[in-house]
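input_7.cif follows (mmCIF, C-alpha atoms):
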data_protein
loop_
_atom_site.label_atom_id
_atom_site.label_comp_id
_atom_site.auth_asym_id
_atom_site.auth_seq_id
_atom_site.Cartn_x
_atom_site.Cartn_y
_atom_site.Cartn_z
CA MET A 1 -5.23 8.37 -39.03
CA THR A 2 -6.96 7.87 -35.70
CA PRO A 3 -5.73 9.80 -32.64
CA GLU A 4 -4.67 6.50 -31.03
CA LEU A 5 -2.61 5.44 -34.06
CA LYS A 6 -1.02 8.89 -34.28
CA GLN A 7 -0.03 8.72 -30.62
CA ARG A 8 1.49 5.26 -31.01
CA LEU A 9 3.42 6.21 -34.16
CA ALA A 10 4.67 9.40 -32.52
CA GLY A 11 6.22 7.27 -29.78
CA ILE A 12 8.31 5.09 -32.13
CA ARG A 13 12.05 5.56 -31.54
CA HIS A 14 13.46 2.53 -33.39
CA VAL A 15 12.41 0.60 -36.49
CA ALA A 16 13.45 -3.05 -36.78
CA LEU A 17 13.33 -3.96 -40.45
CA ASP A 18 12.88 -7.35 -41.98
CA MET A 19 14.92 -7.56 -45.18
CA ASP A 20 13.66 -9.85 -47.96
CA GLY A 21 10.21 -8.67 -48.99
CA THR A 22 10.51 -5.48 -46.95
CA ILE A 23 13.57 -3.48 -48.07
CA TYR A 24 14.36 -5.58 -51.14
CA MET A 25 13.09 -8.58 -53.06
CA GLY A 26 15.78 -11.10 -53.91
CA ASN A 27 18.56 -8.96 -55.35
CA SER A 28 16.37 -5.98 -56.25
CA LEU A 29 16.23 -3.02 -53.85
CA PHE A 30 12.81 -1.43 -53.61
CA PRO A 31 12.90 2.19 -54.87
CA PHE A 32 11.37 3.49 -51.64
CA THR A 33 13.97 1.93 -49.31
CA ILE A 34 16.79 4.48 -49.35
CA PRO A 35 14.41 7.49 -49.12
CA PHE A 36 12.71 5.75 -46.18
CA LEU A 37 16.00 5.20 -44.32
CA ARG A 38 16.96 8.84 -44.97
CA ARG A 39 13.59 9.96 -43.62
CA LEU A 40 14.08 7.92 -40.44
CA ARG A 41 17.47 9.56 -39.84
CA GLU A 42 15.94 13.01 -40.36
CA MET A 43 13.30 12.19 -37.72
CA GLY A 44 15.92 10.91 -35.28
CA ILE A 45 14.61 7.33 -35.48
CA THR A 46 17.26 4.60 -35.37
CA TYR A 47 16.90 1.36 -37.30
CA SER A 48 18.30 -2.14 -37.59
CA PHE A 49 18.05 -5.00 -40.07
CA LEU A 50 16.68 -8.36 -38.93
CA THR A 51 16.43 -11.44 -41.07
CA ASN A 52 15.36 -15.02 -40.61
CA ASN A 53 17.55 -15.94 -43.57
CA PRO A 54 20.78 -17.51 -42.26
CA SER A 55 22.15 -18.40 -45.69
CA LYS A 56 24.64 -15.50 -45.66
CA SER A 57 27.25 -14.43 -43.11
CA LEU A 58 27.15 -10.95 -41.58
CA ASP A 59 29.96 -9.86 -43.90
CA ASP A 60 28.03 -11.11 -46.92
CA TYR A 61 24.87 -9.30 -45.83
CA LEU A 62 26.77 -6.06 -45.23
CA LEU A 63 28.38 -6.38 -48.66
CA LYS A 64 24.99 -7.02 -50.26
CA LEU A 65 23.54 -3.93 -48.61
CA HIS A 66 26.60 -1.89 -49.61
CA LYS A 67 26.18 -2.90 -53.27
CA MET A 68 22.56 -1.76 -53.02
CA GLY A 69 23.64 1.63 -51.67
CA ILE A 70 22.91 0.97 -47.98
CA GLU A 71 25.76 1.46 -45.53
CA ALA A 72 25.23 -0.60 -42.37
CA THR A 73 27.35 -1.89 -39.49
CA GLU A 74 27.52 -5.29 -37.77
CA GLU A 75 25.74 -3.72 -34.78
CA GLU A 76 22.77 -2.89 -37.05
CA MET A 77 22.48 -6.49 -38.32
CA TYR A 78 20.92 -9.45 -36.57
CA THR A 79 20.51 -12.77 -38.37
CA THR A 80 19.30 -16.14 -37.17
CA THR A 81 22.88 -17.40 -37.46
CA VAL A 82 23.86 -14.86 -34.79
CA ALA A 83 20.79 -15.83 -32.75
CA THR A 84 21.77 -19.51 -32.96
CA ILE A 85 25.35 -18.80 -31.89
CA ASP A 86 24.05 -16.80 -28.94
CA TYR A 87 21.71 -19.69 -28.02
CA LEU A 88 24.53 -22.25 -28.22
CA LYS A 89 26.74 -20.13 -25.96
CA ALA A 90 23.96 -19.82 -23.40
CA HIS A 91 22.55 -23.37 -23.45
CA TYR A 92 25.37 -25.58 -24.80
CA PRO A 93 28.51 -23.79 -23.62
CA SER A 94 30.71 -26.88 -24.02
CA ALA A 95 29.52 -27.65 -27.58
CA ARG A 96 32.15 -27.06 -30.26
CA ARG A 97 31.37 -29.62 -32.98
CA LEU A 98 28.29 -28.96 -35.10
CA PHE A 99 26.66 -30.76 -37.99
CA LEU A 100 25.52 -27.76 -40.02
CA LEU A 101 22.84 -28.20 -42.66
CA GLY A 102 23.46 -24.81 -44.24
CA THR A 103 25.30 -22.83 -46.88
CA PRO A 104 29.10 -22.39 -46.90
CA SER A 105 28.58 -18.70 -46.08
CA MET A 106 26.54 -19.59 -42.99
CA ILE A 107 29.05 -22.25 -41.94
CA SER A 108 31.83 -19.63 -42.15
CA GLN A 109 29.96 -17.50 -39.58
CA PHE A 110 29.87 -20.42 -37.13
CA GLU A 111 33.56 -21.15 -37.75
CA LYS A 112 34.37 -17.48 -37.16
CA ALA A 113 32.66 -17.89 -33.76
CA GLY A 114 34.97 -20.82 -32.93
CA TYR A 115 32.83 -23.82 -33.89
CA ILE A 116 33.91 -26.87 -35.94
CA SER A 117 31.78 -28.04 -38.84
CA THR A 118 31.70 -31.85 -38.81
CA ALA A 119 31.88 -33.93 -41.97
CA ASP A 120 29.24 -36.08 -43.62
CA SER A 121 30.51 -39.19 -41.82
CA ALA A 122 29.10 -41.53 -39.17
CA ASP A 123 32.53 -41.40 -37.51
CA ASP A 124 32.58 -37.59 -37.16
CA VAL A 125 30.15 -37.19 -34.27
CA PRO A 126 28.81 -33.67 -33.61
CA ASP A 127 27.64 -32.17 -30.32
CA VAL A 128 24.62 -30.46 -31.88
CA VAL A 129 22.73 -30.63 -35.19
CA ILE A 130 21.78 -27.30 -36.79
CA ALA A 131 19.22 -27.18 -39.61
CA ALA A 132 18.98 -23.96 -41.60
CA PHE A 133 17.91 -22.51 -44.94
CA ASP A 134 20.33 -24.56 -47.03
CA MET A 135 20.40 -23.32 -50.63
CA SER A 136 23.33 -25.66 -51.25
CA LEU A 137 21.44 -28.70 -49.94
CA VAL A 138 23.06 -32.05 -50.75
CA TYR A 139 20.95 -35.19 -50.37
CA SER A 140 23.63 -37.15 -48.48
CA ARG A 141 23.97 -34.33 -45.94
CA LEU A 142 20.20 -34.25 -45.46
CA CYS A 143 20.35 -37.98 -44.76
CA ARG A 144 23.28 -37.49 -42.35
CA ALA A 145 21.33 -34.81 -40.47
CA ALA A 146 18.38 -37.22 -40.21
CA TRP A 147 20.71 -39.91 -38.86
CA TRP A 148 22.09 -37.70 -36.08
CA ILE A 149 18.60 -36.41 -35.24
CA ALA A 150 17.37 -39.99 -35.02
CA GLN A 151 20.22 -40.75 -32.58
CA GLY A 152 18.81 -38.15 -30.19
CA LEU A 153 21.48 -35.45 -30.54
CA PRO A 154 20.44 -31.88 -29.65
CA TYR A 155 18.65 -30.46 -32.69
CA ILE A 156 18.20 -26.72 -33.39
CA ALA A 157 16.43 -25.02 -36.31
CA THR A 158 17.56 -21.52 -37.19
CA ASN A 159 14.15 -20.29 -38.38
CA PRO A 160 10.59 -21.49 -39.05
CA ASP A 161 10.08 -19.99 -42.54
CA ARG A 162 8.45 -22.35 -45.04
CA VAL A 163 9.67 -20.45 -48.12
CA CYS A 164 11.99 -17.53 -48.81
CA PRO A 165 10.55 -14.55 -50.75
CA THR A 166 11.82 -14.23 -54.31
CA ASN A 167 11.08 -12.32 -57.49
CA GLU A 168 12.19 -15.31 -59.56
CA ARG A 169 9.78 -17.84 -61.04
CA THR A 170 10.51 -20.55 -58.50
CA VAL A 171 9.78 -21.55 -54.90
CA LEU A 172 12.73 -21.23 -52.51
CA VAL A 173 12.22 -24.03 -49.97
CA ASP A 174 13.26 -22.64 -46.59
CA CYS A 175 14.26 -24.07 -43.21
CA GLY A 176 10.73 -24.80 -41.97
CA SER A 177 10.05 -27.04 -44.95
CA ILE A 178 13.42 -28.79 -44.63
CA CYS A 179 12.62 -29.48 -40.97
CA ARG A 180 9.24 -30.95 -41.92
CA CYS A 181 11.09 -33.33 -44.25
CA LEU A 182 13.40 -34.32 -41.38
CA GLU A 183 10.42 -34.72 -39.06
CA HIS A 184 8.71 -37.04 -41.53
CA ALA A 185 11.90 -39.11 -41.77
CA THR A 186 12.72 -39.24 -38.04
CA GLY A 187 9.49 -38.51 -36.18
CA ARG A 188 11.26 -35.68 -34.38
CA ARG A 189 10.83 -31.91 -34.43
CA PRO A 190 13.62 -29.45 -33.57
CA ASP A 191 14.22 -29.00 -29.84
CA ILE A 192 13.92 -25.27 -30.47
CA THR A 193 13.25 -23.10 -33.51
CA LEU A 194 15.00 -19.74 -33.33
CA GLY A 195 14.51 -16.56 -35.33
CA LYS A 196 11.24 -14.76 -35.74
CA PRO A 197 8.69 -15.15 -34.12
CA ASP A 198 10.98 -15.78 -31.14
CA PRO A 199 11.15 -12.34 -29.43
CA ASN A 200 14.83 -12.43 -28.44
CA MET A 201 16.07 -10.27 -31.32
CA LEU A 202 13.70 -7.45 -30.34
CA ILE A 203 14.45 -7.89 -26.66
CA GLY A 204 18.13 -7.46 -27.49
CA ILE A 205 17.35 -4.18 -29.27
CA GLU A 206 15.33 -2.98 -26.27
CA GLN A 207 18.27 -3.63 -23.97
CA GLN A 208 20.88 -2.20 -26.32
CA LYS A 209 18.92 0.99 -27.06
CA GLN A 210 17.33 1.26 -23.58
CA LEU A 211 13.86 1.42 -25.08
CA ARG A 212 10.43 0.20 -24.04
CA PRO A 213 8.72 -2.39 -26.30
CA GLU A 214 6.10 0.10 -27.52
CA GLN A 215 8.89 2.40 -28.76
CA ILE A 216 10.01 -0.23 -31.29
CA ALA A 217 8.25 -0.89 -34.59
CA MET A 218 8.85 -4.35 -36.06
CA VAL A 219 8.28 -4.07 -39.81
CA GLY A 220 8.00 -7.08 -42.10
CA ASP A 221 6.04 -8.88 -44.78
CA ARG A 222 5.04 -12.02 -42.87
CA ILE A 223 2.25 -12.52 -40.37
CA TYR A 224 3.62 -15.74 -38.87
CA THR A 225 7.17 -14.49 -38.27
CA ASP A 226 7.49 -10.68 -38.27
CA ILE A 227 4.12 -9.77 -36.82
CA GLU A 228 4.08 -12.67 -34.37
CA MET A 229 7.51 -11.62 -33.09
CA ALA A 230 6.24 -8.07 -32.57
CA ARG A 231 3.29 -9.50 -30.65
CA ASN A 232 5.51 -11.79 -28.56
CA ALA A 233 7.83 -8.88 -27.71
CA HIS A 234 4.91 -6.43 -27.11
CA ALA A 235 6.29 -4.16 -29.84
CA PHE A 236 4.37 -2.26 -32.54
CA GLY A 237 3.82 -4.63 -35.48
CA VAL A 238 3.72 -3.21 -39.02
CA LEU A 239 2.87 -5.51 -41.93
CA VAL A 240 4.02 -4.43 -45.39
CA LEU A 241 2.32 -5.86 -48.48
CA SER A 242 5.48 -5.67 -50.60
CA GLY A 243 6.46 -9.31 -49.95
CA GLU A 244 4.78 -12.60 -49.12
CA THR A 245 1.52 -11.64 -47.42
CA THR A 246 -1.55 -10.39 -49.27
CA LEU A 247 -4.20 -8.17 -47.71
CA GLU A 248 -6.70 -11.05 -47.81
CA VAL A 249 -4.34 -13.34 -45.90
CA ALA A 250 -3.57 -10.59 -43.39
CA GLN A 251 -7.24 -9.86 -42.71
CA ALA A 252 -7.90 -13.56 -42.09
CA ALA A 253 -5.02 -13.95 -39.62
CA PRO A 254 -5.94 -14.76 -36.00
CA HIS A 255 -3.64 -12.00 -34.68
CA GLN A 256 -3.87 -8.72 -36.53
CA PRO A 257 -0.93 -6.33 -37.08
CA ASP A 258 -1.07 -2.95 -35.39
CA LEU A 259 -0.75 -1.39 -38.85
CA ILE A 260 -0.91 -2.59 -42.46
CA VAL A 261 0.77 -0.51 -45.21
CA GLU A 262 1.60 -1.11 -48.85
CA ASN A 263 5.33 -0.62 -48.21
CA ILE A 264 7.83 1.12 -45.95
CA GLY A 265 7.49 4.30 -48.01
CA GLU A 266 3.91 4.64 -46.77
CA LEU A 267 5.09 3.90 -43.22
CA GLY A 268 7.63 6.74 -43.49
CA SER A 269 4.88 9.17 -44.47
CA LEU A 270 2.71 8.09 -41.52
CA LEU A 271 5.62 8.41 -39.05
CA ALA A 272 6.28 11.94 -40.34
CA LEU A 273 2.59 12.86 -40.18
CA ALA A 274 2.38 11.63 -36.59
CA ARG A 275 5.19 14.03 -35.65
CA GLU A 276 3.54 17.16 -37.08
#

Will you turn the file into structure tokens for me?
Amino acid sequence: MTPELKQRLAGIRHVALDMDGTIYMGNSLFPFTIPFLRRLREMGITYSFLTNNPSKSLDDYLLKLHKMGIEATEEEMYTTTVATIDYLKAHYPSARRLFLLGTPSMISQFEKAGYISTADSADDVPDVVIAAFDMSLVYSRLCRAAWWIAQGLPYIATNPDRVCPTNERTVLVDCGSICRCLEHATGRRPDITLGKPDPNMLIGIEQQKQLRPEQIAMVGDRIYTDIEMARNAHAFGVLVLSGETTLEVAQAAPHQPDLIVENIGELGSLLALARE
């Protein structure tokens, strides 16, 4: 470890953790995750869970973590569904009716926030169209979303991910790919794409914890979302090789992470070593 890296790691006060590919893969918790979280607590480092996957509500994510042996609170969770709700409140305060291309679990989070999910009908006009990682995708709803987008309604994407990490023998087509389909059909891209690499989630942590950007480590398995968000927020970017990105892909990326490790277990060891 170089003296510069040791100094930077010694200054970390909060670790923002991507979830899929970083602390678990699909429904399988990595064996190093719980020891890593325990090690952070012992070092006095706080942590939060960030995910670009809006397919589950906060309650569903907390339940999933609980079943894996991780106790977390709503304050420690930030999903792109929450980011989208925050964006709607700030930029479309009068909007209440949404056409939601997303899972029932995600839709329940919007409804909990006071929004109305419009039906797959040309007569049920929404205020805003939201495209997300829709694992329950129905062709007619995809066509309805394209229709409203083509009519010029405000159009928001929850996240830019092309695929979702999985340990199953399949490809999970994510929001970014769904939006490319809609773009091909309508000639229109989302007005804004939220989630990583947008820096707002990390900026929120800075404000909540009263930290400087360099005191936050953003840890994830993707160059184009996790590491780019760290760069955009001027935080310390840590790439783990336990998910989507290989070392070869990482080394060829135009913007390099501040640190590359095999997994968060190795990061925990380096954080401890930097504090000796």

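Excluding Ser140 in chain A itself and same-chain residues fewer than 3 positions from it, the residues having an atom within 12 Å of it are Leu101, Ala119, Asp120, Ser121, Ala122, Ser136, Leu137, Cys143, Arg144, Ala145, Ala146 and Trp147 of chain A, counting all atoms listed in the file.
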
Worksheet item: Quick one: which residues end up in the PyMOL selection byres ((chain A and resi 18-26) around 9) for this structure, as a PyMOL selection string?
Response: chain A and resi 16-17+27-34+48-53+164-168+218-222+226+240-244+263-264

Practice prompt. Starting from the displayed file, determine the output of the PyMOL selection byres ((chain A and resi 192) around 8) and express the residue list as a ChimeraX atom specification.
Written response: /A:155-157,190-191,193-194

Worksheet item: So which one's closest to Glu228 in chain A, A:Asp198, A:Glu248, A:Glu76, A:Glu206? Using only C-alpha atoms, please.
Response: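 Result for the nearest residue to Glu228 in chain A: A:Asp198.
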
Worksheet item: Pick the closest to Lys196 in chain A from A:Pro54, A:Ala95, A:Glu262, A:Ala113: which is it, counting all atoms listed in the file?
Response: A:Pro54

Item to complete: Run the PyMOL selection byres ((chain A and resi 187) around 12) mentally over the shown coordinates, then write out the matched residues as a PyMOL selection string, using the chain letters and numbers from the document.
Response: chain A and resi 146-147+149-152+179-186+188-190

Discussion item. I'd like the neighbourhood of range 58-70 of chain A as a VMD selection string, where a residue qualifies if any of its atoms comes within 9 Å (using all atoms listed in the file), though same-chain residues fewer than 4 positions away should be ignored.
Written reply: chain A and resid 27 to 29 34 37 74 77 to 79 81 to 82 105 to 106 109

Worksheet item: Rounded to one decimal in Å, what is the spacing between CA of Arg8 in chain A and CA of Glu276 in chain A?
Response: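 Between CA of Arg8 in chain A and CA of Glu276 in chain A the gap works out to 13.5 Å.
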
Can you tell me which residues surround Leu211 in chain A at a distance of at most 9 Å, considering all atoms listed in the file, apart from same-chain residues fewer than 6 positions away, and format the answer as a PDB file with C-alpha atoms, in the frame of the given file?
ATOM      1  CA  ARG A  13      12.050   5.560 -31.540  1.00  0.00           C
ATOM      2  CA  HIS A  14      13.460   2.530 -33.390  1.00  0.00           C
ATOM      3  CA  ILE A 205      17.350  -4.180 -29.270  1.00  0.00           C
TER       4      ILE A 205
END

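One finds CA of Pro213 in chain A at 22.8 Å from CA of Thr73 in chain A.
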
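The closest residue to Tyr139 in chain A, picked from A:Met229, A:Ala274, A:Ile178, A:Ile107 and counting all atoms listed in the file, is A:Ile178.
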